[in-house]
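> Just target_30.cif, nothing more (mmCIF, C-alpha atoms):
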data_model
#
loop_
_atom_site.label_atom_id
_atom_site.label_comp_id
_atom_site.auth_asym_id
_atom_site.auth_seq_id
_atom_site.Cartn_x
_atom_site.Cartn_y
_atom_site.Cartn_z
CA THR N 1 -239.81 20.55 -110.36
CA VAL N 2 -237.19 23.21 -109.90
CA ALA N 3 -237.95 26.26 -107.80
CA PRO N 4 -237.29 29.64 -109.39
CA CYS N 5 -234.22 31.41 -108.02
CA SER N 6 -236.27 33.83 -105.93
CA ALA N 7 -238.24 30.95 -104.36
CA ILE N 8 -235.05 29.34 -103.08
CA HIS N 9 -234.19 32.50 -101.16
CA ARG N 10 -237.67 32.66 -99.58
CA ARG N 11 -237.71 28.96 -98.66
CA ARG N 12 -234.33 29.19 -96.89
CA ALA N 13 -235.37 32.36 -95.05
CA VAL N 14 -238.58 30.72 -93.83
CA SER N 15 -237.03 27.42 -92.81
CA GLY N 16 -234.05 29.04 -91.12
CA ALA N 17 -232.02 25.99 -92.11
CA SER N 18 -228.34 26.41 -92.58
CA SER N 19 -225.37 24.18 -93.11
CA PRO N 20 -221.68 24.94 -92.50
CA ALA N 21 -220.84 23.22 -95.77
CA MET N 22 -223.03 25.69 -97.67
CA ALA N 23 -221.76 28.91 -96.14
CA PRO N 24 -219.76 31.30 -98.34
CA VAL N 25 -216.16 30.13 -98.29
CA ASP N 26 -212.81 31.56 -99.31
CA LEU N 27 -210.68 28.65 -100.53
CA ARG N 28 -207.59 30.22 -98.99
CA SER N 29 -209.05 29.35 -95.59
CA ALA N 30 -209.24 25.64 -96.56
CA SER N 31 -212.12 25.19 -94.15
CA PRO N 32 -214.18 22.01 -94.07
CA GLY N 33 -216.52 21.65 -97.01
CA ALA N 34 -214.68 24.22 -99.11
CA GLY N 35 -215.25 23.00 -102.65
CA CYS N 36 -214.26 24.67 -105.88
CA SER N 37 -217.81 25.79 -106.60
CA ARG N 38 -217.64 28.29 -103.79
CA ALA N 39 -214.33 29.77 -104.69
CA LEU N 40 -213.84 30.25 -108.39
CA ARG N 41 -214.22 33.41 -110.37
CA CYS N 42 -211.80 34.85 -112.86
CA ALA N 43 -209.61 37.66 -111.63
CA SER N 44 -210.56 39.96 -114.47
CA GLU N 45 -214.33 40.36 -114.54
CA SER N 46 -216.02 41.43 -117.74
CA SER N 47 -219.56 42.21 -118.77
CA SER N 48 -219.37 39.47 -121.39
CA ASP N 49 -220.35 35.99 -120.16
CA ASP N 50 -217.45 34.28 -121.88
CA ALA N 51 -214.72 36.92 -121.73
CA ASP N 52 -213.34 35.37 -118.51
CA GLN N 53 -212.94 31.91 -120.04
CA VAL N 54 -209.65 32.45 -121.82
CA ASN N 55 -207.10 29.71 -121.11
CA GLY N 56 -204.16 30.80 -119.04
CA MET N 57 -205.94 33.49 -117.01
CA VAL N 58 -205.20 33.62 -113.33
CA VAL N 59 -208.14 32.34 -111.27
CA ARG N 60 -208.28 33.70 -107.75
CA PRO N 61 -210.47 32.65 -104.86
CA ALA N 62 -213.61 34.72 -104.45
CA GLN N 63 -216.64 34.38 -102.28
CA VAL N 64 -219.80 33.01 -103.82
CA SER N 65 -222.92 33.85 -101.86
CA LEU N 66 -225.09 31.24 -100.22
CA HIS N 67 -227.92 32.19 -102.58
CA GLU N 68 -225.72 31.64 -105.65
CA GLN N 69 -224.66 28.27 -104.27
CA LEU N 70 -228.27 27.26 -103.63
CA ARG N 71 -229.36 28.31 -107.11
CA VAL N 72 -226.77 26.05 -108.72
CA ARG N 73 -227.18 23.16 -106.26
CA SER N 74 -230.97 23.15 -106.70
CA LEU N 75 -230.49 22.51 -110.43
CA VAL N 76 -227.58 20.05 -110.54
CA GLY N 77 -228.88 16.57 -111.27
CA THR N 78 -232.24 17.80 -112.61
CA THR N 79 -233.41 18.03 -116.21
CA ALA N 80 -233.00 21.81 -116.01
CA TRP N 81 -229.21 21.39 -115.55
CA ARG N 82 -227.71 20.95 -119.00
CA PHE N 83 -224.10 21.06 -120.04
CA GLU N 84 -223.23 23.12 -123.13
CA ARG N 85 -220.40 23.11 -125.61
CA ARG N 86 -218.80 26.56 -125.64
CA HIS N 87 -215.36 27.59 -126.92
CA GLY N 88 -214.49 23.96 -127.68
CA CYS N 89 -215.19 22.83 -124.11
CA VAL N 90 -218.10 21.25 -122.30
CA ARG N 91 -219.29 23.61 -119.57
CA PRO N 92 -222.16 24.13 -117.15
CA PRO N 93 -224.88 26.44 -118.52
CA SER N 94 -223.91 30.09 -118.87
CA ARG N 95 -227.34 31.15 -117.59
CA LEU N 96 -229.67 29.48 -115.11
CA PRO N 97 -233.36 29.01 -116.02
CA CYS N 98 -234.20 32.09 -113.93
CA GLY N 99 -231.93 34.19 -116.21
CA ARG N 100 -229.11 34.75 -113.72
CA ARG N 101 -225.51 34.02 -114.64
CA CYS N 102 -224.33 30.59 -113.49
CA VAL N 103 -221.42 31.06 -111.06
CA VAL N 104 -219.72 27.85 -112.24
CA SER N 105 -220.14 28.50 -115.98
CA VAL N 106 -216.39 29.11 -116.35
CA LEU N 107 -215.58 25.53 -115.35
CA GLY N 108 -215.06 23.11 -118.21
CA GLU N 109 -213.72 19.88 -119.62
CA CYS N 110 -212.57 18.61 -122.99
CA GLY N 111 -215.16 19.16 -125.70
CA ASP N 112 -213.58 16.99 -128.40
CA ARG N 113 -216.58 15.30 -130.04
CA LYS N 114 -214.41 12.32 -131.05
CA CYS N 115 -213.19 11.66 -127.51
CA GLY N 116 -214.41 8.53 -125.74
CA ASN N 117 -215.10 10.69 -122.66
CA TYR N 118 -217.20 13.31 -124.47
CA ARG N 119 -220.07 14.02 -122.07
CA LEU N 120 -222.47 15.24 -124.75
CA GLY N 121 -221.99 12.24 -127.04
CA GLU N 122 -224.89 9.80 -127.40
CA LYS N 123 -222.68 6.75 -126.82
CA THR N 124 -220.25 8.32 -124.34
CA SER N 125 -222.54 10.41 -122.12
CA GLU N 126 -222.21 8.07 -119.11
CA VAL N 127 -218.39 7.73 -119.11
CA ARG N 128 -217.62 10.75 -116.93
CA PRO N 129 -220.53 10.25 -114.49
CA SER N 130 -219.48 6.60 -114.09
CA PHE N 131 -215.90 7.68 -113.41
CA LEU N 132 -217.14 10.14 -110.78
CA ASP N 133 -219.02 7.28 -109.06
CA PHE N 134 -215.88 5.11 -109.25
CA CYS N 135 -213.74 7.85 -107.63
CA VAL N 136 -216.22 8.40 -104.79
CA HIS N 137 -216.45 4.66 -104.15
CA HIS N 138 -212.65 4.33 -104.18
CA ILE N 139 -212.13 7.26 -101.79
CA ARG N 140 -214.72 5.86 -99.37
CA ALA N 141 -213.10 2.42 -99.53
CA ALA N 142 -209.53 3.69 -99.17
CA PHE N 143 -210.06 5.92 -96.12
CA ALA N 144 -211.58 5.11 -92.75
CA PRO N 145 -214.84 6.98 -92.04
CA MET N 146 -213.17 8.75 -89.08
CA LEU N 147 -210.46 10.13 -91.37
CA LEU N 148 -213.01 11.33 -93.93
CA GLN N 149 -214.93 13.13 -91.19
CA ALA N 150 -211.72 14.64 -89.74
CA GLY N 151 -210.76 15.98 -93.16
CA ILE N 152 -208.65 15.05 -96.15
CA VAL N 153 -206.27 16.96 -98.39
CA TYR N 154 -207.39 16.90 -102.02
CA CYS N 155 -204.75 17.31 -104.72
CA SER N 156 -205.45 17.24 -108.45
CA LEU N 157 -202.63 17.19 -111.01
CA GLY N 158 -203.48 18.38 -114.50
CA SER N 159 -206.73 19.82 -113.21
CA GLY N 160 -207.51 21.70 -116.40
CA GLN N 161 -210.71 23.71 -116.26
CA LEU N 162 -211.86 22.11 -112.99
CA LEU N 163 -215.32 20.81 -113.91
CA PHE N 164 -214.59 17.27 -112.73
CA ASP N 165 -212.85 18.52 -109.57
CA TRP N 166 -215.86 20.69 -108.74
CA GLN N 167 -218.24 17.78 -109.26
CA LEU N 168 -216.14 15.45 -107.13
CA LEU N 169 -215.65 17.94 -104.29
CA GLU N 170 -219.34 18.86 -104.23
CA ARG N 171 -220.30 15.18 -104.12
CA LEU N 172 -217.77 14.37 -101.39
CA THR N 173 -218.66 17.29 -99.15
CA LEU N 174 -222.42 17.51 -99.64
CA ARG N 175 -223.57 13.94 -100.20
CA GLU N 176 -220.82 11.85 -98.64
CA GLY N 177 -220.08 14.04 -95.60
CA VAL N 178 -216.35 14.28 -96.30
CA ARG N 179 -214.54 17.29 -94.82
CA LEU N 180 -211.72 19.02 -96.66
CA ARG N 181 -208.65 20.36 -94.89
CA ALA N 182 -207.06 21.72 -98.07
CA VAL N 183 -207.48 21.70 -101.85
CA HIS N 184 -204.47 21.82 -104.20
CA LEU N 185 -205.19 22.25 -107.93
CA ILE N 186 -202.16 22.02 -110.20
CA ASP N 187 -201.92 22.62 -113.95
CA GLN N 188 -199.55 24.41 -116.31
CA GLU N 189 -202.49 26.54 -117.47
CA TYR N 190 -202.71 28.27 -114.10
CA GLY N 191 -199.82 30.64 -114.53
CA GLY N 192 -196.23 31.43 -115.21
CA ALA N 193 -194.24 31.06 -118.39
CA LYS N 194 -193.97 27.52 -119.72
CA ARG N 195 -190.50 26.07 -119.27
CA ARG N 196 -189.14 23.36 -121.49
#
What does this structure look like when you write it as structure tokens?

Amino acid sequence: TVAPCSAIHRRRAVSGASSPAMAPVDLRSASPGAGCSRALRCASESSSDDADQVNGMVVRPAQVSLHEQLRVRSLVGTTAWRFERRHGCVRPPSRLPCGRRCVVSVLGECGDRKCGNYRLGEKTSEVRPSFLDFCVHHIRAAFAPMLLQAGIVYCSLGSGQLLFDWQLLERLTLREGVRLRAVHLIDQEYGGAKRR
């Protein structure tokens, strides 16, 4: 079962448990465990849930509280965590079951229903999760455990709307114990006039 958002706060306060990987992080600091989930919010905030999801907007690092992180992390991988198709993209839910806005709802991936990688398709739903497992396995095989613990530099070209990058970085830092020294996310969508 999934604890309501308020219960997560009480449980953490009672247990006193904390983890450096779960502390609020500013991606500019590139500290260990700094994944995208802790650092993304659109620069221009709006009262509308989807107003900040326009392609080409500048995304700047922002702090996401420990409580917001825990709310999302407590749901990922459960039946309560469901991807949605919004604005032609597959995205995390806009609202959590407790009614609060999901801090990673702006992340997305291709929502083309005819695509062989379409996450919401009956026949293709396991393609992206399988690729995530493949990437984690390859990273663990390619780097010595000492190097992974010391920290790696993650670079993603053509990162798009960052859903896969967020999933990979969360998995590496939280489940696999990999430390991050820096994260570089590169895509034409992220700014500047297109040059041909």
> Return as a list of chain:residue names the set of residues that the PyMOL selection byres ((chain N and resi 92-98) around 9) yields on the displayed structure.
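In the shown coordinates, the PyMOL selection byres ((chain N and resi 92-98) around 9) covers N:Pro4, N:Cys5, N:Ser6, N:Asp49, N:Asp50, N:Arg71, N:Val72, N:Leu75, N:Ala80, N:Trp81, N:Arg82, N:Phe83, N:Glu84, N:Arg85, N:Val90, N:Arg91, N:Gly99, N:Arg100, N:Arg101, N:Cys102, N:Val103, N:Val104, N:Ser105, N:Val106, N:Leu107, N:Gly108, N:Leu163.
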> To one decimal in Å, tell me the separation between CA of Asp165 in chain N and CA of Thr79 in chain N.
21.6 Å
> Quick one: pull the distance between CA of Gly111 in chain N and CA of Gly88 in chain N, Å, one decimal.
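Answer for the CA of Gly111 in chain N to CA of Gly88 in chain N separation: 5.2 Å.
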> Quick check, in Å to one decimal: how far apart do CA of Glu126 in chain N and CA of Thr173 in chain N lie?
22.3 Å
> Here is a test: counting only C-alpha atoms, which residue of N:Leu148, N:Leu168, N:Cys115, N:Cys155 is nearest to Val136 in chain N?
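Using only C-alpha atoms, the shortest distance to Val136 in chain N belongs to N:Leu168.
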> Given only C-alpha atoms as the basis, pick out the residue of N:Glu109, N:Glu122, N:Asp133, N:Glu189 nearest to Arg175 in chain N.
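Answer, going by the shortest atom-to-atom distance: N:Asp133.
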> Return the padded bounding box of range 82-88 of chain N as lines of an AutoDock Vina configuration file: axis-aligned, built from all atoms listed in the file, 3 Å added on each side, with centre and edge lengths in Å to one decimal.

center_x = -221.1
center_y = 24.3
center_z = -123.3
size_x = 19.2
size_y = 12.6
size_z = 14.7
> Applying the PyMOL selection byres ((chain N and resi 186) around 7) to the file I just gave you, which residues come out? Please list them as a PyMOL selection string.
chain N and resi 156-159+184-185+187
> For Leu132 in chain N, which residue out of N:Thr78, N:Gln188, N:Gln167, N:Gln69 is the nearest one, using all atoms listed in the file?
N:Gln167
